file target29.csv (CSV, C-alpha atoms and all ligand atoms)
chain,number,residue,atom,x,y,z
F,1,PRO,CA,-6.0,26.8,15.1
F,2,SER,CA,-3.6,28.0,12.4
F,3,VAL,CA,-3.6,26.0,9.2
F,4,LYS,CA,0.0,25.1,8.2
F,5,THR,CA,0.9,25.2,4.5
F,6,PRO,CA,1.8,21.6,3.5
F,7,PRO,CA,5.5,21.3,2.5
F,8,PRO,CA,6.1,21.3,-1.3
F,9,VAL,CA,6.4,18.0,-3.2
F,10,LEU,CA,8.0,17.4,-6.6
F,11,ALA,CA,4.9,16.2,-8.4
F,12,PRO,CA,1.3,15.4,-7.7
F,13,ARG,CA,0.8,11.8,-6.8
F,14,ARG,CA,-0.3,9.7,-9.7
F,15,ARG,CA,-3.8,8.5,-9.1
F,16,THR,CA,-4.0,4.7,-8.5
F,17,ARG,CA,-6.9,2.5,-7.4
F,18,LYS,CA,-7.1,2.1,-3.6
F,19,VAL,CA,-6.7,-1.4,-2.2
F,20,LYS,CA,-7.6,-2.4,1.3
F,21,LEU,CA,-4.8,-4.2,3.1
F,22,GLY,CA,-6.0,-5.3,6.6
F,23,ASP,CA,-6.8,-2.1,8.4
F,24,ILE,CA,-4.9,0.3,6.1
F,25,PHE,CA,-5.1,1.1,2.4
F,26,VAL,CA,-2.5,1.1,-0.4
F,27,GLY,CA,-2.9,3.4,-3.4
F,28,GLY,CA,-5.3,6.2,-4.1
F,29,ASP,CA,-5.0,9.0,-1.6
F,30,ALA,CA,-3.6,6.7,1.1
F,31,PRO,CA,-0.2,7.7,2.5
F,32,ILE,CA,2.7,6.0,0.9
F,33,THR,CA,3.7,3.2,3.2
F,34,VAL,CA,7.0,1.6,4.1
F,35,GLN,CA,7.4,-2.2,4.1
F,36,SER,CA,10.0,-4.7,5.1
F,37,MET,CA,10.4,-8.4,5.4
F,38,THR,CA,11.2,-10.5,8.4
F,39,THR,CA,14.4,-12.6,8.4
F,40,THR,CA,13.4,-15.0,11.2
F,41,PRO,CA,12.1,-18.5,10.2
F,42,THR,CA,8.4,-17.8,9.9
F,43,HIS,CA,7.5,-21.0,11.8
F,44,ASP,CA,9.3,-19.6,14.8
F,45,ILE,CA,6.2,-17.6,15.7
F,46,ASN,CA,7.6,-15.8,18.8
F,47,ALA,CA,10.8,-14.7,17.0
F,48,THR,CA,8.8,-13.5,14.0
F,49,LEU,CA,6.4,-11.6,16.1
F,50,GLN,CA,9.3,-10.1,18.1
F,51,GLN,CA,10.9,-8.9,14.9
F,52,ILE,CA,7.6,-7.5,13.6
F,53,ALA,CA,7.3,-5.6,16.9
F,54,GLU,CA,10.8,-4.1,16.3
F,55,LEU,CA,9.9,-3.2,12.7
F,56,THR,CA,6.7,-1.6,13.8
F,57,ALA,CA,8.5,0.5,16.4
F,58,ALA,CA,11.0,1.6,13.7
F,59,GLY,CA,8.1,2.9,11.6
F,60,CYS,CA,7.2,-0.1,9.4
F,61,ASP,CA,3.7,0.0,8.0
F,62,ILE,CA,3.4,-3.4,6.4
F,63,VAL,CA,5.4,-6.6,7.0
F,64,ARG,CA,6.0,-9.5,4.6
F,65,VAL,CA,6.9,-13.0,5.8
F,66,ALA,CA,8.3,-15.8,3.8
F,67,CYS,CA,6.4,-19.0,3.5
F,68,PRO,CA,8.6,-21.7,2.1
F,69,ARG,CA,7.3,-24.8,4.0
F,70,GLN,CA,4.1,-26.2,5.4
F,71,GLU,CA,5.2,-25.3,9.0
F,72,ASP,CA,5.5,-21.7,7.9
F,73,ALA,CA,2.1,-21.7,6.4
F,74,ASP,CA,0.7,-23.2,9.6
F,75,ALA,CA,2.3,-20.3,11.6
F,76,LEU,CA,0.5,-17.7,9.6
F,77,VAL,CA,-2.7,-17.9,11.5
F,78,ALA,CA,-1.0,-16.8,14.8
F,79,ILE,CA,1.2,-14.3,13.1
F,80,ALA,CA,-1.6,-12.6,11.2
F,81,ALA,CA,-3.8,-12.5,14.3
F,82,LYS,CA,-1.1,-11.0,16.6
F,83,SER,CA,0.8,-8.7,14.3
F,84,PRO,CA,0.1,-5.0,15.0
F,85,ILE,CA,0.6,-4.2,11.3
F,86,PRO,CA,-0.8,-5.9,8.1
F,87,VAL,CA,1.0,-9.2,7.2
F,88,ILE,CA,1.7,-10.2,3.7
F,89,ALA,CA,2.7,-13.8,3.0
F,90,ASP,CA,5.3,-14.2,0.4
F,91,ILE,CA,4.7,-17.2,-1.8
F,92,HIS,CA,6.9,-18.7,-4.4
F,93,PHE,CA,6.7,-22.0,-6.2
F,94,GLN,CA,3.7,-23.5,-4.4
F,95,PRO,CA,0.1,-22.4,-5.1
F,96,LYS,CA,-1.2,-24.4,-2.1
F,97,TYR,CA,0.5,-21.9,0.2
F,98,VAL,CA,-1.4,-19.0,-1.5
F,99,PHE,CA,-4.6,-20.6,-0.4
F,100,ALA,CA,-3.2,-21.4,3.0
F,101,ALA,CA,-2.2,-17.8,3.6
F,102,ILE,CA,-5.5,-16.4,2.4
F,103,GLU,CA,-7.3,-18.8,4.8
F,104,ALA,CA,-4.9,-17.9,7.6
F,105,GLY,CA,-6.2,-14.4,7.6
F,106,CYS,CA,-3.2,-12.6,6.1
F,107,ALA,CA,-4.0,-9.1,5.0
F,108,GLY,CA,-2.2,-9.8,1.7
F,109,VAL,CA,-0.4,-12.4,-0.3
F,110,ARG,CA,2.5,-11.7,-2.7
F,111,VAL,CA,2.5,-14.1,-5.6
F,112,ASN,CA,5.3,-14.6,-8.0
F,113,PRO,CA,3.7,-15.7,-11.2
F,114,GLY,CA,7.1,-16.4,-12.8
F,115,ASN,CA,7.8,-19.4,-10.6
F,116,ILE,CA,4.4,-20.8,-9.6
F,117,ARG,CA,4.0,-23.5,-12.1
F,118,ARG,CA,0.5,-23.7,-13.7
F,119,PHE,CA,-0.2,-20.5,-11.9
F,120,ASP,CA,-2.4,-19.1,-14.7
F,121,ASP,CA,-4.7,-22.2,-14.4
F,122,GLN,CA,-5.3,-21.4,-10.7
F,123,ILE,CA,-6.1,-17.7,-11.0
F,124,LYS,CA,-9.8,-18.2,-11.0
F,125,ASP,CA,-9.7,-20.1,-7.7
F,126,ILE,CA,-7.1,-17.7,-6.1
F,127,ALA,CA,-9.2,-14.7,-7.1
F,128,LYS,CA,-12.3,-16.3,-5.6
F,129,ALA,CA,-10.6,-17.2,-2.3
F,130,ALA,CA,-9.0,-13.8,-2.0
F,131,LYS,CA,-12.3,-12.1,-2.7
F,132,ASP,CA,-14.2,-14.3,-0.2
F,133,HIS,CA,-11.6,-13.4,2.5
F,134,GLY,CA,-11.0,-9.8,1.7
F,135,THR,CA,-7.4,-10.5,1.0
F,136,ALA,CA,-5.3,-8.2,-1.2
F,137,LEU,CA,-2.7,-9.6,-3.6
F,138,ARG,CA,0.5,-8.3,-5.0
F,139,ILE,CA,1.7,-9.6,-8.4
F,140,GLY,CA,5.4,-9.5,-7.7
F,141,VAL,CA,7.4,-9.8,-10.9
F,142,ASN,CA,11.1,-10.0,-10.3
F,143,ALA,CA,13.9,-10.0,-12.9
F,144,GLY,CA,15.5,-13.0,-11.2
F,145,SER,CA,12.4,-15.2,-11.6
F,146,ILE,CA,10.6,-13.7,-14.6
F,147,ASP,CA,8.2,-15.9,-16.6
F,148,PRO,CA,10.4,-17.3,-19.4
F,149,ARG,CA,7.6,-16.8,-21.9
F,150,MET,CA,8.2,-13.0,-21.5
F,151,MET,CA,11.9,-13.1,-22.4
F,152,LYS,CA,13.3,-12.0,-25.7
F,153,GLY,CA,17.0,-12.6,-25.8
F,154,ASP,CA,18.9,-13.1,-22.6
F,155,ARG,CA,18.4,-9.8,-20.8
F,156,VAL,CA,15.5,-8.8,-18.7
F,157,THR,CA,14.2,-5.6,-20.1
F,158,PRO,CA,11.7,-3.1,-18.7
F,159,GLU,CA,9.3,-4.3,-21.5
F,160,ALA,CA,9.6,-7.9,-20.3
F,161,LEU,CA,8.9,-7.0,-16.7
F,162,VAL,CA,5.9,-4.9,-17.7
F,163,ALA,CA,4.6,-7.5,-20.2
F,164,SER,CA,4.8,-10.2,-17.5
F,165,ALA,CA,3.0,-8.0,-14.9
F,166,LYS,CA,0.3,-6.9,-17.4
F,167,TRP,CA,-0.4,-10.5,-18.5
F,168,GLU,CA,-0.9,-11.6,-14.9
F,169,ALA,CA,-3.0,-8.6,-14.1
F,170,SER,CA,-5.2,-9.2,-17.1
F,171,LEU,CA,-5.9,-12.8,-15.9
F,172,PHE,CA,-7.1,-11.6,-12.5
F,173,GLU,CA,-9.1,-8.8,-14.0
F,174,GLU,CA,-10.8,-11.3,-16.3
F,175,HIS,CA,-12.2,-12.9,-13.1
F,176,ASP,CA,-13.3,-9.5,-11.9
F,177,PHE,CA,-10.6,-9.3,-9.2
F,178,HIS,CA,-9.1,-5.9,-8.8
F,179,ASP,CA,-7.7,-5.8,-5.2
F,180,PHE,CA,-4.1,-6.2,-6.1
F,181,GLY,CA,-1.0,-4.1,-6.6
F,182,ILE,CA,2.0,-4.8,-8.8
F,183,SER,CA,5.8,-4.7,-8.5
F,184,VAL,CA,8.4,-5.0,-11.3
F,185,LYS,CA,11.7,-5.3,-9.5
F,186,HIS,CA,15.1,-5.3,-11.0
F,187,ASN,CA,18.5,-4.9,-9.4
F,188,ASP,CA,19.5,-2.3,-11.9
F,189,PRO,CA,17.9,1.0,-10.9
F,190,VAL,CA,17.8,2.2,-14.5
F,191,ILE,CA,15.8,-0.8,-15.8
F,192,MET,CA,13.7,-0.7,-12.7
F,193,VAL,CA,12.8,3.0,-13.1
F,194,GLU,CA,11.9,2.5,-16.7
F,195,ALA,CA,9.8,-0.5,-16.0
F,196,TYR,CA,7.7,1.3,-13.3
F,197,ARG,CA,7.3,4.4,-15.6
F,198,GLN,CA,6.0,2.2,-18.3
F,199,LEU,CA,3.7,0.3,-16.0
F,200,SER,CA,2.4,3.4,-14.4
F,201,ALA,CA,1.4,4.8,-17.8
F,202,GLU,CA,-0.6,1.7,-18.6
F,203,GLY,CA,-3.0,1.2,-15.7
F,204,ASP,CA,-4.1,2.4,-12.3
F,205,TRP,CA,-2.7,-0.5,-10.2
F,206,PRO,CA,-1.1,0.6,-6.9
F,207,LEU,CA,2.6,0.2,-7.3
F,208,HIS,CA,5.0,-1.4,-4.8
F,209,LEU,CA,8.5,0.0,-5.5
F,210,GLY,CA,11.6,-2.0,-5.0
F,211,VAL,CA,15.1,-2.4,-6.3
F,212,THR,CA,15.6,-6.1,-5.7
F,213,GLU,CA,18.8,-7.5,-4.3
F,214,ALA,CA,20.1,-3.9,-4.0
F,215,GLY,CA,23.1,-5.0,-2.0
F,216,PRO,CA,24.8,-4.3,1.3
F,217,ALA,CA,23.6,-1.3,3.4
F,218,PHE,CA,25.7,1.4,1.7
F,219,GLN,CA,25.2,0.5,-1.9
F,220,GLY,CA,21.6,-0.7,-1.4
F,221,THR,CA,20.6,2.5,0.3
F,222,ILE,CA,22.0,4.6,-2.5
F,223,LYS,CA,20.5,2.4,-5.3
F,224,SER,CA,17.1,2.5,-3.6
F,225,SER,CA,17.2,6.2,-2.8
F,226,VAL,CA,18.2,7.1,-6.4
F,227,ALA,CA,15.5,4.9,-8.0
F,228,PHE,CA,12.7,5.7,-5.5
F,229,GLY,CA,13.7,9.4,-5.6
F,230,ILE,CA,13.2,9.5,-9.4
F,231,LEU,CA,9.9,7.6,-9.4
F,232,LEU,CA,8.4,9.3,-6.3
F,233,GLY,CA,9.5,12.6,-7.7
F,234,GLU,CA,7.3,11.8,-10.7
F,235,GLY,CA,4.4,10.9,-8.5
F,236,ILE,CA,4.9,7.1,-9.0
F,237,GLY,CA,4.7,4.7,-6.1
F,238,ASP,CA,2.3,3.8,-3.4
F,239,THR,CA,4.3,1.6,-1.1
F,240,ILE,CA,8.1,1.1,-0.9
F,241,ARG,CA,10.5,-1.6,0.2
F,242,VAL,CA,14.2,-0.9,0.5
F,243,SER,CA,16.0,-4.3,0.1
F,244,LEU,CA,19.3,-4.4,2.0
F,245,SER,CA,21.7,-7.1,3.0
F,246,ALA,CA,21.3,-5.7,6.5
F,247,PRO,CA,18.8,-6.1,9.4
F,248,PRO,CA,15.3,-5.2,8.2
F,249,VAL,CA,15.0,-2.4,10.7
F,250,GLU,CA,17.6,-0.6,8.6
F,251,GLU,CA,15.4,-1.0,5.6
F,252,VAL,CA,12.6,0.7,7.4
F,253,LYS,CA,14.8,3.6,8.6
F,254,VAL,CA,16.0,4.2,5.0
F,255,GLY,CA,12.5,3.9,3.6
F,256,ASN,CA,11.1,6.4,6.0
F,257,GLN,CA,14.0,8.8,5.4
F,258,ILE,CA,13.4,8.6,1.7
F,259,LEU,CA,9.8,9.5,2.1
F,260,GLN,CA,10.6,12.3,4.6
F,261,SER,CA,13.3,13.7,2.3
F,262,LEU,CA,10.7,14.1,-0.4
F,263,ASN,CA,8.1,15.6,2.0
F,264,LEU,CA,5.9,12.5,1.4
F,265,LYS,CA,5.8,11.7,5.0
F,266,PRO,CA,5.9,14.2,7.9
F,267,ARG,CA,9.4,14.8,9.1
F,268,LYS,CA,10.2,13.9,12.7
F,269,LEU,CA,13.7,14.7,13.9
F,270,ASP,CA,15.5,16.6,11.2
F,271,ILE,CA,19.2,17.3,12.0
F,272,VAL,CA,20.6,20.1,9.9
F,273,SER,CA,24.3,19.7,10.5
F,274,CYS,CA,27.2,21.1,8.5
F,275,PRO,CA,29.8,18.9,6.9
F,276,SER,CA,32.5,20.7,8.8
F,277,CYS,CA,35.5,22.3,7.2
F,278,GLY,CA,38.7,24.1,8.0
F,279,ARG,CA,36.8,26.8,9.8
F,280,ALA,CA,35.1,24.5,12.2
F,281,GLN,CA,35.7,25.4,15.9
F,282,VAL,CA,34.1,22.3,17.3
F,283,ASP,CA,34.0,18.6,16.5
F,284,VAL,CA,30.8,18.7,14.4
F,285,TYR,CA,30.7,15.0,13.6
F,286,THR,CA,30.7,14.0,17.3
F,287,LEU,CA,28.3,16.8,18.2
F,288,ALA,CA,25.8,15.8,15.4
F,289,GLU,CA,26.0,12.2,16.3
F,290,GLU,CA,25.5,12.8,20.0
F,291,VAL,CA,22.5,15.0,19.4
F,292,THR,CA,21.0,12.5,16.9
F,293,GLU,CA,21.5,9.7,19.3
F,294,GLY,CA,20.1,11.7,22.2
F,295,LEU,CA,16.9,12.7,20.3
F,296,LYS,CA,16.1,9.7,18.2
F,297,HIS,CA,13.2,8.8,20.5
F,298,LEU,CA,11.3,12.0,19.6
F,299,GLU,CA,8.0,11.6,17.8
F,300,VAL,CA,7.4,15.3,17.0
F,301,PRO,CA,8.7,17.2,14.0
F,302,LEU,CA,11.8,19.0,15.2
F,303,ARG,CA,14.5,20.6,13.2
F,304,VAL,CA,17.8,20.9,15.0
F,305,ALA,CA,20.7,22.7,13.5
F,306,VAL,CA,24.3,21.7,14.6
F,307,MET,CA,26.7,24.1,13.0
F,308,GLY,CA,30.5,24.2,13.3
F,309,CYS,CA,31.2,28.0,13.1
F,310,VAL,CA,29.7,31.4,12.7
F,311,VAL,CA,29.7,31.5,8.8
F,312,ASN,CA,26.3,29.7,8.2
F,313,GLY,CA,25.9,28.8,11.8
F,314,PRO,CA,23.6,31.5,13.1
F,315,GLY,CA,21.6,31.6,9.9
F,316,GLU,CA,20.8,27.9,9.9
F,317,ALA,CA,20.4,27.8,13.6
F,318,ARG,CA,17.8,30.6,13.4
F,319,GLU,CA,15.8,28.7,10.7
F,320,ALA,CA,15.5,25.7,12.8
F,321,ASP,CA,13.4,25.0,15.9
F,322,LEU,CA,16.5,24.7,17.9
F,323,GLY,CA,20.2,25.0,17.1
F,324,VAL,CA,23.7,25.7,18.0
F,325,ALA,CA,26.3,27.8,16.3
F,326,SER,CA,29.8,27.2,17.7
F,327,GLY,CA,32.7,29.5,18.1
F,328,ASN,CA,35.5,30.4,20.5
F,329,GLY,CA,34.9,27.3,22.7
F,330,LYS,CA,31.3,28.2,23.2
F,331,GLY,CA,28.0,27.5,21.7
F,332,GLN,CA,25.2,30.0,21.0
F,333,ILE,CA,21.9,28.1,21.6
F,334,PHE,CA,19.0,29.3,19.4
F,335,VAL,CA,15.4,28.5,20.0
F,336,LYS,CA,12.9,29.6,17.3
F,337,GLY,CA,15.4,32.2,16.0
F,338,GLU,CA,16.4,33.7,19.3
F,339,VAL,CA,19.7,33.2,21.1
F,340,ILE,CA,18.5,31.9,24.5
F,341,LYS,CA,21.9,31.4,26.0
F,342,THR,CA,25.6,30.9,25.3
F,343,VAL,CA,27.2,27.8,26.9
F,344,PRO,CA,30.7,26.4,27.1
F,345,GLU,CA,31.5,23.8,24.5
F,346,ALA,CA,31.3,20.9,27.0
F,347,GLU,CA,27.7,21.8,27.8
F,348,ILE,CA,26.4,22.1,24.2
F,349,VAL,CA,25.0,18.6,23.9
F,350,GLU,CA,23.2,18.5,27.3
F,351,THR,CA,21.8,22.0,26.7
F,352,LEU,CA,20.5,21.0,23.2
F,353,LEU,CA,18.9,17.8,24.5
F,354,ALA,CA,17.3,19.5,27.4
F,355,GLU,CA,15.8,22.2,25.2
F,356,ALA,CA,14.7,19.7,22.5
F,357,ASN,CA,12.9,17.6,25.1
F,358,ARG,CA,11.2,20.7,26.5
F,359,ILE,CA,10.1,21.9,23.1
F,360,ALA,CA,8.9,18.3,22.2
F,361,ALA,CA,6.9,18.2,25.4
F,362,GLU,CA,5.2,21.5,24.6
F,363,MET,CA,4.4,20.3,21.1
F,364,GLY,CA,3.1,17.0,22.5
F,365,GLU,CA,0.8,19.0,24.8
F,366,GLY,CA,-0.2,21.4,22.1
B,1,LIG,FE1,32.6,25.1,7.7
B,1,LIG,FE2,31.3,26.7,9.3
B,1,LIG,FE3,30.1,25.9,7.1
B,1,LIG,FE4,30.5,24.2,9.1
B,1,LIG,S1,29.2,26.0,9.2
B,1,LIG,S2,30.9,23.8,6.9
B,1,LIG,S3,32.4,24.8,9.9
B,1,LIG,S4,31.9,27.2,7.2
call {"tool": "encode", "arguments": {"input": "target29.csv", "output": "structure tokens"}}
result
Amino acid sequence: PSVKTPPPVLAPRRRTRKVKLGDIFVGGDAPITVQSMTTTPTHDINATLQQIAELTAAGCDIVRVACPRQEDADALVAIAAKSPIPVIADIHFQPKYVFAAIEAGCAGVRVNPGNIRRFDDQIKDIAKAAKDHGTALRIGVNAGSIDPRMMKGDRVTPEALVASAKWEASLFEEHDFHDFGISVKHNDPVIMVEAYRQLSAEGDWPLHLGVTEAGPAFQGTIKSSVAFGILLGEGIGDTIRVSLSAPPVEEVKVGNQILQSLNLKPRKLDIVSCPSCGRAQVDVYTLAEEVTEGLKHLEVPLRVAVMGCVVNGPGEAREADLGVASGNGKGQIFVKGEVIKTVPEAEIVETLLAEANRIAAEMGEG
């Protein structure tokens, strides 16, 4: 079989320690993973498992669930056992839930040292429990709940985020516990990027990237894409969570698209469509949308070009696995660089979908 040259990446991945999280790994040479968080009440086990199933189907690798009350902690046993992907319990304020989540069999626990009172006194016991159960931890420092001891003045600086994370990391390491990653989230991508750069230079902890409270879908997608793009482009980041004020499946889609855009995850469906302009001889927006919608189920890497006219149309269509270049009420359909047929405009979508499914089936078989 022919060996394909891997697609180019912007920088070699920074080497971090590899941490086991359930049946996958985070850090080291493990693939960069995409995370999200459920929005259902965790104690509603069926609804939470249903949402985890939807997230998994959308390409989520790791899921986090909130654990604000005892009934949520009680639900973790069933959720951890039945989830198809590793479950991380997200704990704030109450150390007793950290122990509950570890004992429930969660793959990981996110702790927020900034708001767990007397957290530092309990690290020895948390480290021991986590070690005994093979549970990974994430030290999740967040600008909104930073340890007040780390603050100088009234602004949360990258230095304060990093100091807080390093302090907590050192306490775990004193107890010879190393199975943890770190996040230093801020809602300002500039501060967030700088914090991760500094943290990355100071240790080999696996890093969970996140712009916290990034906003509604449009703004949050851009903030996260810009910030993650910079860091991942420098080889920094082992797992990512896009935070959106939108359904979590959207976070997963954006996260996967960011990784695919940087060649950090194999591309699946890649639509190359032109923005359209005054030369367009077909409604490119509708065409691109219909083709995307019709092919979103495909699991194989397929580049499909949808071009509005003959200026760049034939060129891009030829470079793709499949494409159309429109003109004069017709579409020239290209497969692997060859025009296979010319169809009337009304038949472009159905022809592209049929060809795409045929190529995908061949790829699946091959
Ligand atoms: Fe305009 Fe044609 Fe380029 Fe599309 S392919 S943007 S229609 S020139």
call {"tool": "residues_near_ligand", "arguments": {"input": "target29.csv", "ligand": "ligand LIG 1 (chain B)", "cutoff": "9 Å", "atoms": "all atoms listed in the file", "output": "PDB file with C-alpha atoms, keeping the file's coordinate frame"}}
result
ATOM      1  CA  SER F 273      24.300  19.700  10.500  1.00  0.00           C
ATOM      2  CA  CYS F 274      27.200  21.100   8.500  1.00  0.00           C
ATOM      3  CA  PRO F 275      29.800  18.900   6.900  1.00  0.00           C
ATOM      4  CA  SER F 276      32.500  20.700   8.800  1.00  0.00           C
ATOM      5  CA  CYS F 277      35.500  22.300   7.200  1.00  0.00           C
ATOM      6  CA  GLY F 278      38.700  24.100   8.000  1.00  0.00           C
ATOM      7  CA  ARG F 279      36.800  26.800   9.800  1.00  0.00           C
ATOM      8  CA  ALA F 280      35.100  24.500  12.200  1.00  0.00           C
ATOM      9  CA  GLN F 281      35.700  25.400  15.900  1.00  0.00           C
ATOM     10  CA  VAL F 282      34.100  22.300  17.300  1.00  0.00           C
ATOM     11  CA  VAL F 284      30.800  18.700  14.400  1.00  0.00           C
ATOM     12  CA  VAL F 306      24.300  21.700  14.600  1.00  0.00           C
ATOM     13  CA  MET F 307      26.700  24.100  13.000  1.00  0.00           C
ATOM     14  CA  GLY F 308      30.500  24.200  13.300  1.00  0.00           C
ATOM     15  CA  CYS F 309      31.200  28.000  13.100  1.00  0.00           C
ATOM     16  CA  VAL F 310      29.700  31.400  12.700  1.00  0.00           C
ATOM     17  CA  VAL F 311      29.700  31.500   8.800  1.00  0.00           C
ATOM     18  CA  ASN F 312      26.300  29.700   8.200  1.00  0.00           C
ATOM     19  CA  GLY F 313      25.900  28.800  11.800  1.00  0.00           C
ATOM     20  CA  PRO F 314      23.600  31.500  13.100  1.00  0.00           C
ATOM     21  CA  GLU F 316      20.800  27.900   9.900  1.00  0.00           C
ATOM     22  CA  ALA F 325      26.300  27.800  16.300  1.00  0.00           C
ATOM     23  CA  SER F 326      29.800  27.200  17.700  1.00  0.00           C
TER      24      SER F 326
END
call {"tool": "closest_atom_pairs", "arguments": {"input": "target29.csv", "of": "range 123-147 of chain F", "to": "range 209-219 of chain F", "cutoff": "12 Å", "atoms": "all atoms listed in the file", "output": "tab-separated table"}}
result
residue	atom	partner	partner_atom	distance
F:Arg138	CA	F:Leu209	CA	11.5
F:Gly140	CA	F:Gly210	CA	10.1
F:Val141	CA	F:Thr212	CA	10.4
F:Asn142	CA	F:Thr212	CA	7.5
F:Ala143	CA	F:Thr212	CA	8.4
F:Gly144	CA	F:Thr212	CA	8.8
F:Ser145	CA	F:Thr212	CA	11.3
call {"tool": "residues_around", "arguments": {"input": "target29.csv", "residues": "range 36-40 of chain F", "least_positions_apart": "4", "cutoff": "8 Å", "atoms": "all atoms listed in the file", "output": "list of chain:residue names"}}
result
F:Asp44, F:Ala47, F:Thr48, F:Gln51, F:Ile52, F:Leu55, F:Cys60, F:Ile62, F:Val63, F:Arg64, F:Val65, F:Ala66, F:Arg241, F:Val242, F:Ser243, F:Pro247, F:Pro248, F:Val249, F:Glu251, F:Val252
call {"tool": "atom_distance", "arguments": {"input": "target29.csv", "atom1": "CA of Pro31 in chain F", "atom2": "CA of Asp179 in chain F"}}
result
17.3 Å
call {"tool": "closest_residue", "arguments": {"input": "target29.csv", "among": "F:Val98, F:Leu322, F:Ile236, F:Leu352", "to": "Glu293 in chain F", "atoms": "only C-alpha atoms"}}
result
F:Leu352
call {"tool": "residues_around", "arguments": {"input": "target29.csv", "residues": "Gly22 in chain F", "least_positions_apart": "6", "cutoff": "12 Å", "atoms": "all atoms listed in the file", "output": "list in words"}}
result
Asp61, Ile62, Val63, Ala80, Ala81, Ser83, Pro84, Ile85, Pro86, Val87, Ile88, Ile102, Gly105, Cys106, Ala107, Gly108, Val109, His133, Gly134, Thr135, Ala136, Leu137 and Asp179 of chain F
call {"tool": "closest_residue", "arguments": {"input": "target29.csv", "among": "F:Lys18, F:Lys330, F:Ile24, F:Pro41", "to": "His178 in chain F", "atoms": "only C-alpha atoms"}}
result
F:Lys18
call {"tool": "closest_residue", "arguments": {"input": "target29.csv", "among": "F:Gly220, F:Pro206, F:Pro8, F:His92", "to": "Lys20 in chain F", "atoms": "only C-alpha atoms"}}
result
F:Pro206
call {"tool": "atom_distance", "arguments": {"input": "target29.csv", "atom1": "CA of Val193 in chain F", "atom2": "CA of Val19 in chain F"}}
result
22.8 Å
call {"tool": "residues_near_point", "arguments": {"input": "target29.csv", "point": "(13.5, 30.1, 17.6)", "cutoff": "9 Å", "atoms": "all atoms listed in the file", "output": "MDAnalysis selection string"}}
result
chainID F and resid 317:323 334:340
call {"tool": "atom_distance", "arguments": {"input": "target29.csv", "atom1": "CA of Tyr97 in chain F", "atom2": "CA of Lys128 in chain F"}}
result
15.1 Å
call {"tool": "closest_residue", "arguments": {"input": "target29.csv", "among": "F:Leu244, F:Leu259, F:Leu231, F:Ala163", "to": "Pro148 in chain F", "atoms": "only C-alpha atoms"}}
result
F:Ala163
call {"tool": "closest_residue", "arguments": {"input": "target29.csv", "among": "F:Glu202, F:Glu194, F:Asp120, F:Asp176", "to": "Arg14 in chain F", "atoms": "all atoms listed in the file"}}
result
F:Glu202
call {"tool": "residues_around", "arguments": {"input": "target29.csv", "residues": "Met192 in chain F", "least_positions_apart": "5", "cutoff": "8 Å", "atoms": "only C-alpha atoms", "output": "ChimeraX atom specification"}}
result
/F:158,184-187,211,227
